[in-house]
$ cat final.txt   # compact mmCIF, C-alpha atoms
# COMPACT_ATOMS: atom_id res chain seq x y z
CA MET A 922 124.76 101.82 56.13
CA GLU A 923 122.79 101.56 59.39
CA ASN A 924 123.59 98.67 61.66
CA LYS A 925 120.25 97.85 63.38
CA LYS A 926 119.76 94.61 65.23
CA ASP A 927 116.40 92.92 65.10
CA ILE A 928 115.66 92.70 68.82
CA PRO A 929 112.28 91.22 69.81
CA ASN A 930 110.06 93.19 72.16
CA PRO A 931 110.20 91.47 75.61
CA ALA A 932 106.55 92.35 76.25
CA ASP A 933 105.52 90.05 73.39
CA PHE A 934 106.38 87.08 75.60
CA PHE A 935 103.80 88.15 78.19
CA PHE A 936 100.96 89.65 76.15
CA ASP A 937 98.99 88.44 73.16
CA SER A 938 99.27 90.72 70.18
CA THR A 939 95.51 90.51 69.58
CA PRO A 940 93.12 90.39 72.52
CA GLU A 941 90.35 87.80 72.37
CA GLU A 942 86.91 89.00 71.42
CA LYS A 943 84.30 88.17 74.03
CA PRO A 944 80.77 87.52 72.77
CA VAL A 945 78.23 90.09 73.80
CA ASN A 946 75.14 88.70 75.49
CA ASN A 947 72.30 91.19 75.32
CA ASN A 948 69.78 88.79 76.86
CA ASP A 949 70.18 89.65 80.56
CA ASP A 950 66.92 87.92 81.54
CA GLU A 951 68.21 84.53 80.40
CA THR A 952 71.50 85.00 82.28
CA ALA A 953 69.72 85.99 85.49
CA THR A 954 67.45 82.93 85.49
CA THR A 955 70.04 80.38 84.41
CA ASN A 956 71.53 78.58 87.39
CA ILE A 957 75.06 77.46 86.49
CA ASN A 958 76.89 75.02 88.75
CA ILE A 959 80.34 76.58 88.87
CA ARG A 960 81.99 73.33 89.99
CA GLU A 961 80.62 71.46 86.95
CA LEU A 962 81.75 74.25 84.65
CA ILE A 963 85.27 74.15 86.08
CA THR A 964 85.40 70.35 85.88
CA VAL A 965 84.08 70.18 82.31
CA ASN A 966 86.57 72.81 81.12
CA LYS A 967 89.36 71.11 83.11
CA GLU A 968 90.46 74.47 84.40
CA LYS A 969 93.66 74.76 86.38
CA LEU A 970 94.44 77.21 89.14
CA SER A 971 96.26 79.89 87.17
CA LYS A 972 94.69 83.26 88.01
CA ARG A 973 96.55 85.20 90.68
CA VAL A 974 94.96 88.00 92.68
CA GLN A 975 96.16 90.33 95.35
CA LEU A 976 93.82 90.39 98.32
CA THR A 977 93.63 92.86 101.18
CA ILE A 978 92.36 91.21 104.34
CA TYR A 979 92.27 92.02 108.04
CA PRO A 980 95.30 90.48 109.79
CA THR A 981 93.13 88.83 112.46
CA ALA A 982 90.82 87.31 109.84
CA TYR A 983 93.84 86.02 107.90
CA GLU A 984 95.37 84.38 110.97
CA GLN A 985 92.09 82.71 111.96
CA ALA A 986 91.36 81.51 108.40
CA LYS A 987 94.90 80.19 108.01
CA GLU A 988 94.66 78.37 111.34
CA LYS A 989 91.28 76.84 110.40
CA ALA A 990 92.61 75.69 107.02
CA LEU A 991 95.63 74.05 108.66
CA LYS A 992 93.39 72.28 111.20
CA GLU A 993 91.36 70.91 108.28
CA GLY A 994 94.58 69.75 106.61
CA ARG A 995 94.47 72.06 103.62
CA SER A 996 96.09 75.23 102.39
CA PHE A 997 94.84 78.76 102.87
CA ASN A 998 94.50 79.02 99.09
CA ASN A 999 92.30 75.92 98.94
CA TYR A 1000 90.20 77.21 101.83
CA ILE A 1001 89.54 80.55 100.09
CA ASN A 1002 88.78 78.86 96.76
CA GLU A 1003 86.23 76.57 98.42
CA LEU A 1004 84.54 79.53 100.11
CA ILE A 1005 84.25 81.33 96.76
CA LEU A 1006 82.90 78.23 95.00
CA LYS A 1007 80.32 77.63 97.75
CA ASP A 1008 79.12 81.23 97.49
CA LEU A 1009 78.90 81.12 93.68
CA SER A 1010 77.00 77.82 93.76
CA LYS A 1011 74.14 79.28 95.82
$ encode --input "final.txt" --output "C-alpha cells"
Amino acid sequence: MENKKDIPNPADFFFDSTPEEKPVNNNDDETATTNINIRELITVNKEKLSKRVQLTIYPTAYEQAKEKALKEGRSFNNYINELILKDLSK
C-alpha cells in the first residue's frame, strides 16, 4: 500500500489555472481614432495600484526626479504615474 500525501502545488496560490481570454479586436481603424481618457477609465473601473514593474533608469535622472517629487510633496512612484498618465492622455 502506497502512502502518498495529497500536497497542494504551491504555484497554484500565485497563478490562475486557466488564463483569461482577451477579446480580439480586428477593427484597428476604430481603435486608432477613438480617444480614451485614461484617467476616466481608471476612475470608472476603480483600479488600484497593483502592477509592479522593474525600471532601468539613469542614476542622475532618478536622483533629479526623486528630488523634484519630494519638493512637490509626493512620492517618486506618484510622480512617475502622473507622467505616464499625462502622456497617455495626449
$ closest_residue --input "final.txt" --among "A:Arg973, A:Leu1006, A:Arg960, A:Tyr1000" --to "Gln985 (chain A)" --atoms "only C-alpha atoms"
A:Tyr1000
$ atom_distance --input "final.txt" --atom1 "CA of Lys1011 (chain A)" --atom2 "CA of Thr964 (chain A)"
17.5 Å
$ closest_residue --input "final.txt" --among "A:Ile1001, A:Arg995, A:Lys967, A:Asp927" --to "Tyr983 (chain A)" --atoms "all atoms listed in the file"
A:Ile1001
$ closest_residue --input "final.txt" --among "A:Leu970, A:Leu976, A:Ile959, A:Ala986" --to "Ser1010 (chain A)" --atoms "all atoms listed in the file"
A:Ile959
